[in-house]
Structures are given as structure tokens and as C-alpha cells.
Amino acid sequence: MSHPEVQGVVILARNGDRTECYQHPITQKPGYTQSTPLGEAQAHQLGTYLRNLYLDSSSSSHIRGIHSDLVDLKEIHVRVKVGGEGASVFDSATALLQGLFPPNPANRITLANETTIVAPLNGYQYIPVETVEPSNDRSLEPWTDCPAFEKHVKDVQSTSEFKEATKNAQPFFNSLKDFVYGREISMENMIWDFVNSELVHNKTYAHRLPPTFIEQARGYANMREDAIHSDKAMGGIGNIASRTAMSSILKALQRIAFNGDPLQLMVIESTYQPFISFFHQTGVVDTHPELKAIPDFGSALAIELRRAPPPDARDFLRFKFRNGTHEDFRTIHVFKHHEDIPLTEFIYRLENSVIDSNREWAQACSTRSTTGAGWLGLPERATTGSKVADASLGVFLALFMMLAMFVAGKAIRRRRTVRLNGPEDRLSAAPSEVVQLRGEKGRLPL
């Protein structure tokens with residue numbers, strides 16, 4: 001079925017090249033990384049590629065009605081992961097946006113005195129981004145500080161398949177010792193990241209590394225990362241990287257589909273983990289087993305929302321993947337569809353596995369941690385009934401506190417009065433002993 005009209009697009013992009021990243025083998029917490037000029041160039045190239053594909057009016061995939069020369073901030077939303085590998089991911093997002101909306105001399109303003117001011121750098125376009133810190137939003141890094149995921153990692157590494165792979169890899173690991181400078185070599189430690197970084201940036205190392213070593217190191221890293229960031233069950237803990245990211249994606253697609261919402265393009269800049277989980281969660285790997293791997297730097301997944309021609313009023317989704325910066329988008333299919341999938345069906349298939357809130361993340365991770373409390377990008381999911389119940393409970397608590405304060409105040413006044421055995425029944429306490437309640441404001445928890 002042909003759906004030529006693109007209404008909007010959601011882009012999941014991987015950061016560009018960066019310095020070596022060490023990850024703890026169990027907790028998966030990564031170390032600090034910095035972007036490189038190569039990584040920034042990769043991200044900028046991706047942004048330019050996306051501009052030519054979706055913002056150029058002559059492109060068959062042009063987003064209908066979007067402003068292409070000067071950005072309309074109502075039409076685009078950008079979310080950036082700033083947890084592990086934070087600096088390199090943020091820099092990649094900045095470079096991507098520079099390619100997507102390059103400087104334009106038309107980005108100017110005329111002042112009251114008739115002076116024309118062009119934005120710096122010949123019309124640089126400043127596009128705000130929403131930073132997603134795991135300290136308050138787990139949507140783009142849900143696998144850290146997650147006991148259930150750590151258990152999953154241990155379970156994967158204790159399987160007979162993983163142990164067999166470790167045994168088979170041992171001769172290669174032994175031959176690699178002279179090229180890792182004392183670093184621990186094992187299936188658990190993704191030594192490929194170090195080898196790849198040195199191969200790209202160290203000329204002497206590149207001349208010394210034997211042929212096929214980088215391919216073997218990458219192969220074992222692919223095997224482990226694919227096993228860790230996937231699960232047989234769609235809603236399994238192994239898929240948590242995409243289960244949280246899908247919340248933002250689905251919300252964006254629903255906004256794009258709604259004619260009254262101006263959003264047309266959403267960009268999520270992240271690391272490689274959500275890609276692996278997404279391909280498993282949606283069954284893409286069943287027809288594309290080559291995607292059971294770490295995507296290259298600068299990779300991108302595009303989810304296009306396309307509208308069917310009349311009389312069909314439905315919206316459809318088309319998925320495209322680009323591995324690195326050396327190839328074009330290719331169409332992939334989810335849930336064993338061999339054509340575009342209706343938006344409603346895609347949401348229906350995923351809705352029970354998507355994690356929408358900090359409470360759901362904590363439940364999935366088997367933790368009481370409040371690290372993800374109050375997600376900025378993923379508000380609590382609530383039905384109308386639950387909202388009414390929460391409001392009723394708040395009113396009840398407020399009335400209860402007011403009643404308690406009234407009773408307490410009355411008891412205090414009673415204790416502060418003086419009783420005599422004479423004709424007078426009661427005398428007021430001395431002015432200094434009177435408890436002044438009316439001047440105080442009770443502070444109630446909201």
C-alpha cells in the first residue's frame with residue numbers, strides 16, 4: 001500500500017565518535033567520554049542527510065508543511081541523553097541540529113531604529129534541547145541503578161551459550177593481550193571499545209594491530225551486548241532500554257497525528273542500547289538478524305508517520321534504519337509486517353510493554369529508589385478515575401488536617417484557662433498565656 005504523504009518523523013540517533021568508554025560489566029554504568037571532531041562531523045553529516053531527506057521540498061519524503069529554512073520551534077522537539085557518555089551525546093545533538101538547520105542570513109531582526117541585526121555566525125539557528133538526566137528522568141538510561149536488569153545481566157552471563165562463547169573466544173583473547181596494555185580481557189568487559197578507539201585515533205596502534213582482530217573483537221562485543229539488551233518477552237527487563245524510550249516516541253507520534261498539534265519532527269539523541277532493544281521488542285531481528293549488533297556511530301532510526309490517501313483516513317508508520325554514516329536509509333518492517341503498519345496497531349501491540357512513569361520503572365526494576373521520581377519527559381500515566389480519586393484523597397486529607405488543628409487548638413485553650421471555686425465560673429488566662437491560633441496559617445501538604 002502506498003502512503004506518499006509524510007506528516008512527521010521521529011528520529012532516534014546514536015551519538016558520533018568519542019573517546020573510549022568503559023562500562024561496568026554488571027551495573028553497566030559507563031565512564032566519562034568526550035566527543036571528537038570525527039564524532040561531531042558524523043553527527044553533522046547525519047543532520048545534513050536528514051535535512052535533504054525531510055526538509056527539502058523536492059524530496060519524495062518531504063515533511064508536509066514544515067518550515068525548512070528558518071526553524072519554527074513549535075514544529076520540532078529534541079531530547080538528549082546526558083547520563084552516561086553525556087558530553088559526547090550532547091555534542092552530537094548540537095552538531096546534528098547544525099546540519100539539520102544550518103545558519104541562514106534570513107535569521108535577522110530589524111530594530112526600532114531601523115538597524116538590521118543578523119544572528120551570529122551568519123545567521124546561526126539556536127534550537128533548544130531537553131536534556132534527560134537519569135537523576136530525574138529514566139526514559140533514556142533505564143538500565144543503570146536497576147537491580148532487575150543487573151540480575152538479567154548475571155543470568156545472561158551464566159547461560160551455557162555465553163560460557164561456550166567465552167571458551168571459544170579465549171584463544172583470541174590470549175593473542176590480544178599485547179594490544180590492550182594491561183586491561184582485563186573477557187567477554188564481560190567490552191574490550192572492543194578500547195581497541196576500536198585506538199585503531200581510529202592512534203596511527204602506531206593501527207599499523208600494529210593484526211588483520212581481523214578488530215572484526216573478532218567487534219563480533220564478541222555484538223554477541224554480548226545483543227544478549228544483554230534484549231529479551232524473549234516483549235515486556236522483559238532485557239528490553240528496558242526501548243521500553244522507556246518508546247513512551248516518548250509514541251507520545252510524539254500521537255501528537256504528530258493530531259491535526260491541531262504543530263509538532264512535526266522529534267529528535268532523540270542517545271547511545272546504542274535503545275536500538276538493540278527496539279529491534280528485539282518489535283521483532284525486526286526476525287527478518288533482519290544482522291541487526292543483532294551494536295549500531296555504528298552516527299546511526300539513525302527514522303519512524304515516519306504517513307497518511308493514507310482518501311477515502312482511508314488512517315495514519316501509517318514506515319521504519320527506516322541507517323547504520324552509520326556510510327549508507328542510506330533502508331526500510332525495515334516491525335511485527336513481521338511486509339508493508340507500512342497502522343499507527344493504531346503499532347500502539348496496541350506495544351502499549352502493555354511500554355514504561356510510562358517513574359513508578360512503572362521502579363516496579364520493573366524491583367527497586368524502591370526515588371532516583372527517577374518526577375520524570376520531566378515521562379509524566380505519570382493516569383486514567384480519569386485515578387485522577388478523581390487522587391483529588392478526593394487530597395481534599396479529605398486537607399479537611400482532616402484542619403479538623404485536627406481545630407481540636408488541638410481547642411484543647412490547648414482549655415488547658416490554659418484558670419478555674420476558681422468562687423462565684424465566677426471561669427477566668428481567662430493572662431494575656432501572655434493566650435494561644436493565638438487565628439493569626440497562624442496551617443501549612444497543608446499539597
# chains A, B, ... in the order shown; residues from 1 in each chain; ligands from 1
>>> residues_around(residues="Val285 in chain A", least_positions_apart="2", cutoff="12 Å", atoms="only C-alpha atoms", output="MDAnalysis selection string")
chainID A and resid 226 230:232 275:283 287:293 332:336
>>> residues_around(residues="Cys365 in chain A", least_positions_apart="5", cutoff="10 Å", atoms="only C-alpha atoms", output="list in words")
Pro142, Trp143, Thr144, Asp145, Cys146, Pro147, Ala148, Phe149, Glu150, Lys151, Ile237, Ile240, Arg359 and Glu360 of chain A
>>> write_last_selection(atoms="N, CA and C atoms", output="CSV table (one decimal), in the first residue's frame")
chain,number,residue,atom,x,y,z
A,142,PRO,N,17.5,3.7,31.4
A,142,PRO,CA,16.8,3.0,32.4
A,142,PRO,C,17.5,1.8,32.9
A,143,TRP,N,18.6,1.4,32.3
A,143,TRP,CA,19.3,0.1,32.7
A,143,TRP,C,20.3,0.3,33.8
A,144,THR,N,20.7,1.5,34.2
A,144,THR,CA,21.5,1.7,35.3
A,144,THR,C,20.7,1.9,36.6
A,145,ASP,N,21.3,1.5,37.7
A,145,ASP,CA,20.6,1.6,39.0
A,145,ASP,C,19.3,0.8,39.0
A,146,CYS,N,19.4,-0.3,38.3
A,146,CYS,CA,18.2,-1.2,38.1
A,146,CYS,C,18.5,-2.6,38.5
A,147,PRO,N,18.2,-3.0,39.8
A,147,PRO,CA,18.5,-4.4,40.3
A,147,PRO,C,18.0,-5.5,39.4
A,148,ALA,N,16.9,-5.4,38.8
A,148,ALA,CA,16.3,-6.4,38.0
A,148,ALA,C,17.2,-6.6,36.7
A,149,PHE,N,17.6,-5.5,36.2
A,149,PHE,CA,18.5,-5.5,35.0
A,149,PHE,C,19.8,-6.1,35.3
A,150,GLU,N,20.4,-5.8,36.5
A,150,GLU,CA,21.7,-6.4,36.9
A,150,GLU,C,21.5,-7.9,37.0
A,151,LYS,N,20.4,-8.3,37.6
A,151,LYS,CA,20.2,-9.8,37.7
A,151,LYS,C,20.1,-10.4,36.3
A,237,ILE,N,12.7,-7.5,31.0
A,237,ILE,CA,13.6,-6.5,31.6
A,237,ILE,C,14.8,-6.2,30.6
A,240,ILE,N,14.4,-3.1,28.4
A,240,ILE,CA,14.0,-1.9,29.1
A,240,ILE,C,14.5,-0.6,28.4
A,359,ARG,N,7.1,5.4,38.5
A,359,ARG,CA,6.6,4.3,39.3
A,359,ARG,C,6.7,3.0,38.5
A,360,GLU,N,6.4,3.0,37.3
A,360,GLU,CA,6.5,1.8,36.5
A,360,GLU,C,7.9,1.3,36.3
>>> closest_residue(among="A:Phe173, A:Ala252, A:Ser160, A:Leu46", to="Arg79 in chain A", atoms="only C-alpha atoms")
A:Ala252
>>> residues_around(residues="Ala257 in chain A", least_positions_apart="6", cutoff="9 Å", atoms="only C-alpha atoms", output="list in words")
Gln7, Gly8, Gln264, Leu305, Arg306, Arg307, Asp315 and Leu343 of chain A
>>> select_by_dssp(residues="range 169-385 of chain A", states="strand (DSSP E)", output="CSV table (one decimal) with N, CA and C atoms, in the first residue's frame")
chain,number,residue,atom,x,y,z
A,265,LEU,N,8.4,17.1,13.9
A,265,LEU,CA,9.7,16.4,13.9
A,265,LEU,C,10.2,16.3,15.4
A,266,MET,N,10.6,15.1,15.8
A,266,MET,CA,11.2,14.9,17.1
A,266,MET,C,12.5,14.1,16.9
A,267,VAL,N,13.5,14.6,17.6
A,267,VAL,CA,14.8,14.0,17.6
A,267,VAL,C,15.2,13.6,19.0
A,268,ILE,N,15.6,12.3,19.1
A,268,ILE,CA,16.1,11.7,20.4
A,268,ILE,C,17.5,11.3,20.2
A,269,GLU,N,18.4,12.0,20.8
A,269,GLU,CA,19.8,11.7,20.7
A,269,GLU,C,20.2,10.8,21.9
A,270,SER,N,20.7,9.6,21.6
A,270,SER,CA,21.0,8.7,22.7
A,270,SER,C,22.3,7.9,22.3
A,300,ALA,N,21.0,6.0,12.7
A,300,ALA,CA,19.7,6.6,13.0
A,300,ALA,C,18.6,5.7,12.6
A,301,LEU,N,17.5,5.8,13.4
A,301,LEU,CA,16.3,5.1,13.1
A,301,LEU,C,15.2,6.2,12.9
A,302,ALA,N,14.6,6.1,11.7
A,302,ALA,CA,13.5,7.1,11.4
A,302,ALA,C,12.1,6.4,11.4
A,303,ILE,N,11.2,7.0,12.1
A,303,ILE,CA,9.8,6.5,12.1
A,303,ILE,C,9.0,7.5,11.5
A,304,GLU,N,8.5,7.3,10.3
A,304,GLU,CA,7.8,8.2,9.5
A,304,GLU,C,6.3,8.0,9.7
A,305,LEU,N,5.6,9.0,10.0
A,305,LEU,CA,4.1,9.0,10.1
A,305,LEU,C,3.6,9.4,8.7
A,306,ARG,N,2.9,8.5,8.0
A,306,ARG,CA,2.4,8.8,6.7
A,306,ARG,C,0.9,8.6,6.7
A,307,ARG,N,0.2,9.5,6.0
A,307,ARG,CA,-1.2,9.5,5.9
A,307,ARG,C,-1.7,8.8,4.7
A,315,ASP,N,-3.6,6.7,9.7
A,315,ASP,CA,-2.2,7.0,9.7
A,315,ASP,C,-1.4,5.7,9.8
A,316,PHE,N,-0.3,5.7,9.0
A,316,PHE,CA,0.6,4.5,9.0
A,316,PHE,C,2.0,4.9,9.3
A,317,LEU,N,2.8,3.9,9.7
A,317,LEU,CA,4.2,4.1,10.1
A,317,LEU,C,5.1,3.4,9.2
A,318,ARG,N,6.2,4.0,8.8
A,318,ARG,CA,7.2,3.4,8.0
A,318,ARG,C,8.5,3.5,8.7
A,319,PHE,N,9.3,2.5,8.9
A,319,PHE,CA,10.5,2.5,9.7
A,319,PHE,C,11.7,2.4,8.7
A,320,LYS,N,12.7,3.2,9.0
A,320,LYS,CA,13.9,3.2,8.2
A,320,LYS,C,15.1,3.2,9.1
A,321,PHE,N,16.2,2.5,8.7
A,321,PHE,CA,17.4,2.4,9.6
A,321,PHE,C,18.6,2.7,8.7
A,322,ARG,N,19.5,3.4,9.3
A,322,ARG,CA,20.8,3.8,8.6
A,322,ARG,C,21.9,3.5,9.6
A,330,ARG,N,17.4,2.4,4.8
A,330,ARG,CA,16.7,1.2,4.2
A,330,ARG,C,15.5,0.9,5.1
A,331,THR,N,14.4,0.5,4.4
A,331,THR,CA,13.2,0.3,5.1
A,331,THR,C,13.2,-1.1,5.8
A,332,ILE,N,12.8,-1.1,7.0
A,332,ILE,CA,12.7,-2.3,7.8
A,332,ILE,C,11.2,-2.4,8.3
A,341,ILE,N,2.8,-0.2,8.7
A,341,ILE,CA,1.9,-0.7,9.8
A,341,ILE,C,1.0,0.5,10.3
A,342,PRO,N,-0.3,0.3,10.5
A,342,PRO,CA,-1.2,1.3,11.0
A,342,PRO,C,-0.7,1.8,12.4
>>> closest_residue(among="A:Ile228, A:Leu97, A:Cys21, A:Ile63", to="Ile256 in chain A", atoms="only C-alpha atoms")
A:Ile63
>>> atom_distance(atom1="CA of Ile355 in chain A", atom2="CA of Asn239 in chain A")
10.6 Å
>>> closest_residue(among="A:Ile26, A:Ala245, A:Ala112, A:Leu50", to="Thr325 in chain A", atoms="only C-alpha atoms")
A:Leu50
>>> closest_atom_pairs(of="range 272-351 of chain A", to="range 193-214 of chain A", cutoff="12 Å", atoms="only C-alpha atoms", output="JSON lines")
{"residue": "A:Ile294", "atom": "CA", "partner": "A:Asp193", "partner_atom": "CA", "distance": 10.9}
{"residue": "A:Asp296", "atom": "CA", "partner": "A:Asn196", "partner_atom": "CA", "distance": 11.3}
{"residue": "A:Phe297", "atom": "CA", "partner": "A:Asn196", "partner_atom": "CA", "distance": 11.6}
>>> write_last_selection(atoms="C-alpha atoms", output="PDB file, in the first residue's frame")
ATOM      1  CA  ILE A 294      25.879  -2.550  18.179  1.00  0.00           C
ATOM      2  CA  ASP A 296      27.784   2.277  14.343  1.00  0.00           C
ATOM      3  CA  PHE A 297      28.423   5.842  15.448  1.00  0.00           C
TER       4      PHE A 297
END
>>> closest_residue(among="A:Pro105, A:Gln98, A:Ser242, A:Ser299", to="Ile117 in chain A", atoms="only C-alpha atoms")
A:Pro105
>>> atom_distance(atom1="CA of Leu350 in chain A", atom2="CA of Met234 in chain A")
8.1 Å
>>> atom_distance(atom1="CA of Asp137 in chain A", atom2="CA of Asn358 in chain A")
7.6 Å
>>> residues_around(residues="Pro102 in chain A", least_positions_apart="2", cutoff="7 Å", atoms="only C-alpha atoms", output="VMD selection string")
chain A and resid 98 to 100 104 124 to 125
>>> residues_around(residues="range 54-60 of chain A", least_positions_apart="5", cutoff="9 Å", atoms="only C-alpha atoms", output="list in words")
Pro4, Glu5, Val6, Gly8, Val9, Tyr49, Ile66, His67, Ser68, Asp69 and Leu100 of chain A
